[in-house]
>>> print(open('model-v1.tsv').read())   # TSV, C-alpha atoms
chain	number	residue	atom	x	y	z
A	1	MET	CA	0.00	0.00	0.00
A	2	VAL	CA	1.07	3.58	-0.58
A	3	VAL	CA	2.21	4.52	2.89
A	4	LEU	CA	4.69	1.69	2.94
A	5	SER	CA	6.20	2.36	-0.50
A	6	ARG	CA	9.14	4.30	0.94
A	7	THR	CA	11.16	4.25	-2.30
A	8	ALA	CA	8.29	4.92	-4.71
A	9	LYS	CA	8.36	8.07	-6.80
A	10	LEU	CA	6.34	10.89	-5.31
A	11	ASP	CA	4.79	11.79	-8.62
A	12	HIS	CA	2.65	8.69	-8.11
A	13	PHE	CA	1.10	10.46	-5.12
A	14	SER	CA	0.25	13.85	-6.60
A	15	ASP	CA	-3.08	13.83	-4.73
A	16	LEU	CA	-1.13	14.06	-1.47
A	17	ILE	CA	1.29	16.81	-2.49
A	18	LYS	CA	0.28	20.35	-1.59
A	19	THR	CA	1.99	23.73	-1.70
A	20	CYS	CA	2.19	24.78	1.93
A	21	LYS	CA	3.99	27.88	3.09
A	22	PRO	CA	6.83	27.03	5.53
A	23	THR	CA	5.82	27.75	9.11
A	24	SER	CA	7.83	28.07	12.30
A	25	LEU	CA	6.71	26.40	15.51
A	26	PHE	CA	3.76	28.33	16.94
A	27	ALA	CA	4.31	29.52	20.50
A	28	GLY	CA	0.75	30.70	21.03
A	29	ILE	CA	-0.96	27.43	22.00
A	30	PRO	CA	-2.36	27.99	25.52
A	31	VAL	CA	-0.85	25.73	28.16
A	32	VAL	CA	-3.15	24.66	30.99
A	33	ASP	CA	-1.83	23.18	34.22
A	34	LEU	CA	-4.73	21.06	35.49
A	35	SER	CA	-3.44	21.43	39.04
A	36	SER	CA	-3.72	25.22	38.87
A	37	PRO	CA	-6.65	26.98	40.63
A	38	ASP	CA	-7.38	29.04	37.50
A	39	ALA	CA	-7.30	26.06	35.12
A	40	LYS	CA	-11.04	26.26	34.38
A	41	HIS	CA	-10.81	29.89	33.27
A	42	ARG	CA	-7.72	29.25	31.14
A	43	ILE	CA	-9.49	26.32	29.44
A	44	VAL	CA	-12.53	28.45	28.57
A	45	ARG	CA	-10.35	31.25	27.15
A	46	ALA	CA	-8.36	28.74	25.10
A	47	CYS	CA	-11.54	27.17	23.69
A	48	GLU	CA	-12.85	30.59	22.71
A	49	GLU	CA	-9.63	31.90	21.18
A	50	HIS	CA	-8.01	28.84	19.58
A	51	GLY	CA	-10.29	25.84	19.95
A	52	MET	CA	-7.24	23.99	21.27
A	53	PHE	CA	-4.96	23.90	24.28
A	54	LYS	CA	-2.11	21.87	25.77
A	55	VAL	CA	-2.57	20.12	29.10
A	56	ILE	CA	0.23	19.47	31.61
A	57	ASN	CA	0.09	17.91	35.08
A	58	HIS	CA	-2.74	15.83	33.67
A	59	GLY	CA	-2.38	12.79	35.92
A	60	VAL	CA	-2.03	10.21	33.13
A	61	PRO	CA	0.95	7.98	34.04
A	62	LEU	CA	3.84	8.35	31.60
A	63	ASP	CA	4.36	4.58	31.46
A	64	PHE	CA	0.79	4.14	30.14
A	65	MET	CA	1.67	6.52	27.32
A	66	THR	CA	5.03	4.98	26.44
A	67	THR	CA	3.81	1.38	26.70
A	68	LEU	CA	0.94	1.90	24.28
A	69	GLU	CA	3.13	3.85	21.86
A	70	ALA	CA	5.66	0.97	21.88
A	71	GLN	CA	2.90	-1.55	21.18
A	72	ALA	CA	1.61	0.58	18.32
A	73	LEU	CA	5.08	0.86	16.76
A	74	LYS	CA	5.54	-2.88	17.14
A	75	PHE	CA	2.45	-3.38	15.00
A	76	PHE	CA	3.15	-0.70	12.40
A	77	ASN	CA	6.67	-2.07	11.85
A	78	LEU	CA	5.36	-5.53	10.98
A	79	PRO	CA	5.49	-6.79	7.36
A	80	GLN	CA	2.55	-5.48	5.34
A	81	SER	CA	1.12	-8.98	4.90
A	82	GLN	CA	0.71	-9.35	8.66
A	83	LYS	CA	-0.86	-5.92	9.09
A	84	ASP	CA	-3.34	-6.66	6.31
A	85	LYS	CA	-4.82	-9.42	8.48
A	86	ALA	CA	-6.36	-6.65	10.60
A	87	ALA	CA	-7.84	-4.93	7.53
A	88	PRO	CA	-10.08	-3.62	6.20
A	89	ALA	CA	-11.44	-1.34	8.89
A	90	ASP	CA	-15.19	-1.84	9.29
A	91	PRO	CA	-14.90	0.86	10.69
A	92	PHE	CA	-12.72	-0.64	13.43
A	93	GLY	CA	-9.41	-2.23	12.54
A	94	TYR	CA	-6.40	-1.33	10.40
A	95	ARG	CA	-6.31	0.89	7.33
A	96	SER	CA	-3.57	2.37	5.16
A	97	LYS	CA	-3.76	5.56	3.05
A	98	ARG	CA	-7.54	5.70	2.73
A	99	ILE	CA	-9.31	8.02	5.18
A	100	GLY	CA	-13.07	7.55	5.31
A	101	PRO	CA	-15.36	6.38	2.50
A	102	ASN	CA	-15.33	9.43	0.22
A	103	GLY	CA	-11.97	9.45	-1.49
A	104	ASP	CA	-9.77	11.23	1.08
A	105	VAL	CA	-6.25	9.83	1.32
A	106	GLY	CA	-3.14	10.55	3.37
A	107	TRP	CA	0.44	9.44	4.05
A	108	ILE	CA	-0.79	7.46	7.02
A	109	GLU	CA	-1.54	4.08	8.53
A	110	TYR	CA	-3.93	3.80	11.45
A	111	ILE	CA	-5.81	1.51	13.79
A	112	LEU	CA	-9.33	2.58	14.79
A	113	LEU	CA	-10.84	1.04	17.91
A	114	SER	CA	-14.03	1.41	19.87
A	115	THR	CA	-13.62	2.47	23.48
A	116	ASN	CA	-15.93	-0.44	24.32
A	117	LEU	CA	-13.41	-2.86	25.81
A	118	ASP	CA	-15.21	-5.94	24.50
A	119	ILE	CA	-14.79	-4.68	20.95
A	120	ILE	CA	-11.18	-3.75	21.69
A	121	SER	CA	-10.51	-7.31	22.81
A	122	HIS	CA	-12.02	-8.71	19.61
A	123	LYS	CA	-10.10	-6.37	17.35
A	124	SER	CA	-6.80	-6.85	19.17
A	125	LEU	CA	-6.62	-10.53	18.14
A	126	PRO	CA	-5.53	-9.96	14.52
A	127	ILE	CA	-3.59	-6.81	15.42
A	128	PHE	CA	-1.37	-8.49	18.04
A	129	LYS	CA	-1.96	-12.13	17.33
A	130	GLU	CA	0.85	-13.47	19.50
A	131	ASN	CA	0.09	-11.52	22.68
A	132	PRO	CA	-3.33	-9.85	22.31
A	133	GLU	CA	-3.67	-9.44	26.08
A	134	ILE	CA	-0.64	-7.11	26.12
A	135	PHE	CA	-2.24	-4.81	23.61
A	136	ARG	CA	-5.62	-4.98	25.33
A	137	ASP	CA	-4.09	-4.13	28.71
A	138	ALA	CA	-2.09	-1.24	27.23
A	139	VAL	CA	-5.15	0.20	25.50
A	140	GLU	CA	-7.38	-0.32	28.55
A	141	ASP	CA	-4.92	1.36	30.94
A	142	TYR	CA	-4.36	4.29	28.61
A	143	ILE	CA	-7.99	4.90	27.64
A	144	THR	CA	-9.23	4.61	31.23
A	145	ALA	CA	-6.70	7.22	32.40
A	146	VAL	CA	-7.35	9.55	29.45
A	147	LYS	CA	-11.11	9.27	29.90
A	148	ASN	CA	-10.83	10.29	33.56
A	149	MET	CA	-8.68	13.27	32.62
A	150	THR	CA	-11.16	14.24	29.88
A	151	PHE	CA	-14.10	14.05	32.31
A	152	GLU	CA	-12.20	16.39	34.63
A	153	VAL	CA	-11.50	18.82	31.77
A	154	LEU	CA	-15.15	18.87	30.66
A	155	GLU	CA	-16.30	19.51	34.22
A	156	MET	CA	-13.82	22.39	34.39
A	157	VAL	CA	-15.32	23.70	31.15
A	158	ALA	CA	-18.80	23.64	32.66
A	159	ASP	CA	-17.56	25.29	35.85
A	160	GLY	CA	-15.61	27.91	33.92
A	161	LEU	CA	-18.74	28.73	31.89
A	162	GLY	CA	-20.73	29.22	35.09
A	163	ILE	CA	-22.99	26.18	34.56
A	164	ASP	CA	-24.42	24.82	37.81
A	165	GLN	CA	-24.63	21.25	36.51
A	166	LYS	CA	-20.91	20.48	36.35
A	167	ASN	CA	-21.40	17.11	34.65
A	168	VAL	CA	-23.60	18.45	31.84
A	169	LEU	CA	-20.85	17.58	29.31
A	170	SER	CA	-18.91	14.81	31.02
A	171	LYS	CA	-22.04	12.70	31.58
A	172	LEU	CA	-22.39	12.29	27.81
A	173	LEU	CA	-18.99	10.61	27.63
A	174	LYS	CA	-19.54	8.63	30.82
A	175	ASP	CA	-22.79	7.20	29.46
A	176	GLU	CA	-22.42	3.49	28.70
A	177	LYS	CA	-23.88	4.22	25.25
A	178	SER	CA	-21.32	6.94	24.53
A	179	ASP	CA	-20.23	6.69	20.90
A	180	SER	CA	-16.54	7.36	21.50
A	181	CYS	CA	-13.58	5.90	19.63
A	182	PHE	CA	-9.80	5.73	19.76
A	183	ARG	CA	-7.30	5.95	16.92
A	184	LEU	CA	-3.60	5.12	16.72
A	185	ASN	CA	-1.94	6.97	13.82
A	186	TYR	CA	1.40	6.24	12.18
A	187	TYR	CA	2.94	8.65	9.66
A	188	PRO	CA	6.01	7.01	8.06
A	189	PRO	CA	9.01	9.20	7.27
A	190	CYS	CA	9.33	10.29	3.65
A	191	PRO	CA	12.95	11.08	2.65
A	192	GLU	CA	11.76	11.87	-0.88
A	193	LEU	CA	10.19	15.06	0.49
A	194	HIS	CA	13.52	16.78	-0.13
A	195	ALA	CA	12.68	16.69	-3.83
A	196	LEU	CA	9.42	18.60	-3.43
A	197	SER	CA	11.04	22.06	-3.42
A	198	GLY	CA	8.92	23.66	-0.72
A	199	ARG	CA	5.85	21.51	-1.21
A	200	SER	CA	4.56	19.14	1.47
A	201	LEU	CA	3.10	15.67	1.66
A	202	ILE	CA	-0.26	15.50	3.41
A	203	GLY	CA	-0.38	12.94	6.19
A	204	PHE	CA	-3.95	13.75	7.22
A	205	GLY	CA	-5.87	16.46	5.40
A	206	GLU	CA	-7.45	19.56	6.94
A	207	HIS	CA	-10.60	18.90	8.94
A	208	THR	CA	-12.41	19.51	12.20
A	209	ASP	CA	-13.36	16.74	14.62
A	210	PRO	CA	-17.12	16.10	14.71
A	211	GLN	CA	-17.38	14.84	18.30
A	212	ILE	CA	-17.57	16.85	21.53
A	213	ILE	CA	-13.86	16.76	22.30
A	214	SER	CA	-10.69	15.05	21.12
A	215	VAL	CA	-7.57	14.35	23.16
A	216	LEU	CA	-4.29	13.86	21.31
A	217	LYS	CA	-0.92	12.58	22.45
A	218	SER	CA	2.01	12.26	20.03
A	219	ASN	CA	5.70	11.52	19.99
A	220	ASN	CA	8.20	14.33	19.50
A	221	THR	CA	7.94	14.47	15.70
A	222	SER	CA	6.28	17.65	14.46
A	223	GLY	CA	3.70	17.80	11.69
A	224	LEU	CA	0.47	18.86	13.39
A	225	GLN	CA	-0.80	22.22	12.15
A	226	ILE	CA	-3.85	24.29	13.08
A	227	SER	CA	-5.61	27.08	11.23
A	228	LEU	CA	-5.86	30.37	13.13
A	229	LYS	CA	-8.89	32.65	12.92
A	230	ASP	CA	-7.36	34.56	10.00
A	231	GLY	CA	-6.81	31.34	8.04
A	232	THR	CA	-3.05	31.19	8.66
A	233	TRP	CA	-1.66	27.69	9.17
A	234	VAL	CA	0.83	27.30	12.03
A	235	THR	CA	2.82	24.31	13.26
A	236	VAL	CA	2.16	23.05	16.78
A	237	ALA	CA	5.34	22.22	18.69
A	238	PRO	CA	5.15	18.55	19.78
A	239	ASP	CA	5.39	17.54	23.42
A	240	GLN	CA	5.38	13.81	24.10
A	241	THR	CA	4.57	14.24	27.80
A	242	ALA	CA	1.53	16.47	27.31
A	243	PHE	CA	-1.92	16.23	25.72
A	244	PHE	CA	-3.47	18.52	23.14
A	245	ILE	CA	-7.21	18.96	23.46
A	246	ASN	CA	-9.42	20.09	20.57
A	247	VAL	CA	-12.93	21.50	20.61
A	248	GLY	CA	-15.18	19.34	18.44
A	249	ASP	CA	-18.09	20.38	16.22
A	250	CYS	CA	-20.67	19.22	18.79
A	251	LEU	CA	-19.13	21.37	21.53
A	252	GLN	CA	-19.18	24.34	19.17
A	253	VAL	CA	-22.93	23.83	18.77
A	254	MET	CA	-23.51	23.25	22.49
A	255	THR	CA	-21.87	26.62	23.24
A	256	ASN	CA	-23.79	28.25	20.34
A	257	GLY	CA	-20.56	29.14	18.59
A	258	ARG	CA	-18.79	30.56	21.63
A	259	PHE	CA	-16.22	27.76	21.32
A	260	LYS	CA	-14.82	27.06	17.85
A	261	SER	CA	-14.00	23.64	16.49
A	262	VAL	CA	-10.40	23.97	15.35
A	263	LYS	CA	-9.40	23.07	11.79
A	264	HIS	CA	-6.20	21.04	11.74
A	265	ARG	CA	-4.04	18.79	9.54
A	266	VAL	CA	-0.82	16.74	9.65
A	267	LEU	CA	2.14	17.03	7.24
A	268	ALA	CA	4.64	14.20	6.71
A	269	ASP	CA	8.23	14.47	7.96
A	270	THR	CA	11.35	13.74	5.90
A	271	GLN	CA	13.29	11.69	8.46
A	272	SER	CA	11.17	10.76	11.47
A	273	SER	CA	7.95	8.84	11.88
A	274	ARG	CA	5.11	10.50	13.76
A	275	VAL	CA	2.94	8.47	16.11
A	276	SER	CA	-0.22	9.92	17.63
A	277	MET	CA	-2.98	8.53	19.80
A	278	ILE	CA	-6.37	10.23	19.86
A	279	TYR	CA	-9.41	9.71	22.06
A	280	PHE	CA	-12.56	11.08	20.41
A	281	GLY	CA	-15.24	11.73	23.04
A	282	GLY	CA	-18.68	11.38	21.49
A	283	PRO	CA	-22.21	11.36	22.97
A	284	PRO	CA	-24.73	8.53	22.65
A	285	LEU	CA	-26.13	8.20	19.12
A	286	SER	CA	-29.60	9.28	20.25
A	287	GLU	CA	-28.37	12.40	22.08
A	288	LYS	CA	-29.89	15.65	20.83
A	289	ILE	CA	-27.22	18.28	20.16
A	290	ALA	CA	-28.25	21.91	20.69
A	291	PRO	CA	-26.98	24.96	22.58
A	292	LEU	CA	-27.09	24.49	26.35
A	293	PRO	CA	-30.00	26.59	27.71
A	294	SER	CA	-27.87	27.83	30.61
A	295	LEU	CA	-25.49	29.51	28.15
A	296	MET	CA	-28.15	31.32	26.14
A	297	ALA	CA	-28.82	34.99	26.89
A	298	GLU	CA	-32.42	36.18	26.99
A	299	GLY	CA	-33.62	36.55	23.41
A	300	GLU	CA	-30.60	34.80	21.93
A	301	GLU	CA	-31.41	32.31	19.18
A	302	SER	CA	-29.61	29.10	18.35
A	303	LEU	CA	-27.24	29.37	15.41
A	304	TYR	CA	-27.89	25.73	14.60
A	305	LYS	CA	-30.77	23.42	13.86
A	306	GLU	CA	-31.13	20.74	16.51
A	307	PHE	CA	-29.85	17.30	15.50
A	308	THR	CA	-29.00	13.97	17.08
A	309	TRP	CA	-25.42	12.76	17.15
A	310	SER	CA	-26.49	9.91	14.89
A	311	GLU	CA	-27.86	12.36	12.29
A	312	PHE	CA	-24.73	14.49	12.40
A	313	LYS	CA	-22.42	11.47	12.25
A	314	LYS	CA	-24.20	10.14	9.17
A	315	SER	CA	-23.99	13.55	7.53
A	316	ALA	CA	-20.29	13.85	8.39
A	317	ASN	CA	-19.61	10.40	6.97
A	318	ARG	CA	-21.05	11.55	3.62
A	319	SER	CA	-18.73	14.56	3.47
A	320	ARG	CA	-15.11	15.07	2.52
A	321	LEU	CA	-12.53	15.86	5.19
A	322	ALA	CA	-12.23	19.56	4.39
A	323	ASP	CA	-15.98	20.18	4.15
A	324	ASN	CA	-17.78	22.37	6.67
A	325	ARG	CA	-19.67	19.56	8.36
A	326	LEU	CA	-21.81	21.95	10.37
A	327	GLY	CA	-22.88	23.79	7.22
A	328	PRO	CA	-26.10	21.79	6.63
A	329	PHE	CA	-27.15	22.47	10.23
A	330	GLU	CA	-26.43	26.19	10.38
A	331	LYS	CA	-29.34	28.61	10.50
A	332	SER	CA	-29.59	31.71	8.32
A	333	ALA	CA	-27.22	34.65	8.38
A	334	ALA	CA	-30.11	36.70	9.78
A	335	VAL	CA	-30.00	34.71	13.02
A	336	MET	CA	-26.25	35.24	13.29
A	337	LEU	CA	-26.72	38.98	12.75
A	338	SER	CA	-29.48	39.07	15.35
A	339	ASN	CA	-27.23	37.34	17.88
A	340	SER	CA	-24.35	39.73	17.29
A	341	GLN	CA	-25.71	42.02	19.99
A	342	PHE	CA	-25.10	39.42	22.68
>>> encode(input="model-v1.tsv", output="structure tokens")
Amino acid sequence: MVVLSRTAKLDHFSDLIKTCKPTSLFAGIPVVDLSSPDAKHRIVRACEEHGMFKVINHGVPLDFMTTLEAQALKFFNLPQSQKDKAAPADPFGYRSKRIGPNGDVGWIEYILLSTNLDIISHKSLPIFKENPEIFRDAVEDYITAVKNMTFEVLEMVADGLGIDQKNVLSKLLKDEKSDSCFRLNYYPPCPELHALSGRSLIGFGEHTDPQIISVLKSNNTSGLQISLKDGTWVTVAPDQTAFFINVGDCLQVMTNGRFKSVKHRVLADTQSSRVSMIYFGGPPLSEKIAPLPSLMAEGEESLYKEFTWSEFKKSANRSRLADNRLGPFEKSAAVMLSNSQF
């Protein structure tokens, strides 16, 4: 498959090559110390201004992070024939190059798993055939710790927004029917990038995350970029001991646009592989997504039509990565103009 053809000519992959202006590492990503008394206010400001922030002193044991990363690399470094036994993703399992069902591709391999541990156990058998329990234990330890940290962050969000019901967001992820998932990404190095003369190879194309929140951990290889409010793309400095948290489309709707779902992408590196692990926190499929009443000023109208997570997920799955997935659910410009007074 494409992502493993290290010596192939790049002109075979013209759909992945883009002209991207060189960017320096962006120093403006807010850093939130979860042990700090003002963490909840810093989180809210970060969600309003950037749709993303970095979390330190998060409480997730470092050995959980390094163990799972090692297990992931062990799999991705296997011969292609062995990895193919875990493919195709349906949607869970292994996939290479293809992202979603609508023609998007990237310089990437990934494993997509449900956060339902029974499904994880089933899917781990072909992924780590010799010692599936090692992979299961690594995923279970990591996801459990990251979930608990995410619940804490969402409760800080509610508190920072002045909502009395502190679990109004976290309860959606704690629900046993929560439609959350977990993805392990591997972006192989591409030495041939030197021949691109300023152009870049897309690892994962620009997009927003449709869920409520996403929690990313990566190794120390750069490549992640976000789009600022003015449309400028900037590179996020990696930090393998921290987490990067993104506002998702659903949280943008639930705050009636106060928080912005951040557009982001990943570019391939010439010499080093990038490994990232992402927990996508989603609500139950039947959950109705609409602005939280406690955040609405008197007379303020919703910017969005109400929808269930299932409806939005189906709509998102019919779109391309770069599409505005919230577009079909946005109300008229007149409503936005009316709300501008608030």
>>> axis_aligned_box(input="model-v1.tsv", around="range 65-84 of chain A", padding_each_side="5 Å", output="JSON")
{"center_x": 1.7, "center_y": -1.4, "center_z": 16.1, "size_x": 20.0, "size_y": 25.9, "size_z": 32.4}
>>> residues_around(input="model-v1.tsv", residues="range 46-50 of chain A", least_positions_apart="5", cutoff="9 Å", atoms="all atoms listed in the file", output="list in words")
Ile29, Pro30, Val31, Val32, His41, Ile226, Ser227, Leu228, Lys229, Asn246, Val247, Gly257, Arg258, Phe259, Lys260, Ser261 and Val262 of chain A
>>> closest_residue(input="model-v1.tsv", among="A:Ile143, A:Cys250, A:Leu169, A:Leu321", to="Lys305 in chain A", atoms="all atoms listed in the file")
A:Cys250
>>> atom_distance(input="model-v1.tsv", atom1="CA of Phe135 in chain A", atom2="CA of His207 in chain A")
29.1 Å
>>> residues_around(input="model-v1.tsv", residues="Phe329 in chain A", least_positions_apart="4", cutoff="8 Å", atoms="all atoms listed in the file", output="PyMOL selection string")
chain A and resi 304-307
>>> closest_residue(input="model-v1.tsv", among="A:Ser170, A:Ser272, A:Gln80, A:Thr144", to="Met156 in chain A", atoms="all atoms listed in the file")
A:Ser170
>>> atom_distance(input="model-v1.tsv", atom1="CA of Pro191 in chain A", atom2="CA of Asp269 in chain A")
7.9 Å
>>> residues_around(input="model-v1.tsv", residues="Pro91 in chain A", least_positions_apart="3", cutoff="12 Å", atoms="all atoms listed in the file", output="list in words")
Ala86, Ala87, Pro88, Tyr94, Arg95, Arg98, Ile99, Gly100, Pro101, Tyr110, Ile111, Leu112, Leu113, Ser114, Ile119, Lys123, Cys181, Phe182, Arg183 and Asn317 of chain A
>>> atom_distance(input="model-v1.tsv", atom1="CA of Leu326 in chain A", atom2="CA of Ile213 in chain A")
15.2 Å
>>> closest_residue(input="model-v1.tsv", among="A:Phe204, A:Phe312, A:Trp107, A:Trp233", to="Val253 in chain A", atoms="only C-alpha atoms")
A:Phe312
>>> closest_residue(input="model-v1.tsv", among="A:Phe26, A:Ala316, A:Ile134, A:Arg274", to="Pro328 in chain A", atoms="only C-alpha atoms")
A:Ala316
>>> closest_residue(input="model-v1.tsv", among="A:Val215, A:Leu295, A:Leu154, A:Ile202", to="Phe280 in chain A", atoms="all atoms listed in the file")
A:Val215
>>> residues_around(input="model-v1.tsv", residues="Ser310 in chain A", least_positions_apart="2", cutoff="7 Å", atoms="only C-alpha atoms", output="list in words")
Leu285, Ser286, Thr308, Phe312, Lys313 and Lys314 of chain A
>>> closest_atom_pairs(input="model-v1.tsv", of="range 84-179 of chain A", to="range 296-300 of chain A", cutoff="12 Å", atoms="only C-alpha atoms", output="JSON lines")
{"residue": "A:Leu161", "atom": "CA", "partner": "A:Met296", "partner_atom": "CA", "distance": 11.3}
{"residue": "A:Gly162", "atom": "CA", "partner": "A:Met296", "partner_atom": "CA", "distance": 11.8}
{"residue": "A:Ile163", "atom": "CA", "partner": "A:Met296", "partner_atom": "CA", "distance": 11.1}
>>> residues_near_point(input="model-v1.tsv", point="(-22.2, 7.8, 20.4)", cutoff="7 Å", atoms="all atoms listed in the file", output="list in words")
Lys177, Ser178, Asp179, Ser180, Gly282, Pro283, Pro284, Leu285 and Trp309 of chain A
>>> closest_residue(input="model-v1.tsv", among="A:Gly223, A:Gly231, A:Pro132, A:Gly281", to="Ile245 in chain A", atoms="all atoms listed in the file")
A:Gly281
>>> residues_around(input="model-v1.tsv", residues="Pro291 in chain A", least_positions_apart="6", cutoff="7 Å", atoms="all atoms listed in the file", output="PyMOL selection string")
chain A and resi 253-256+302
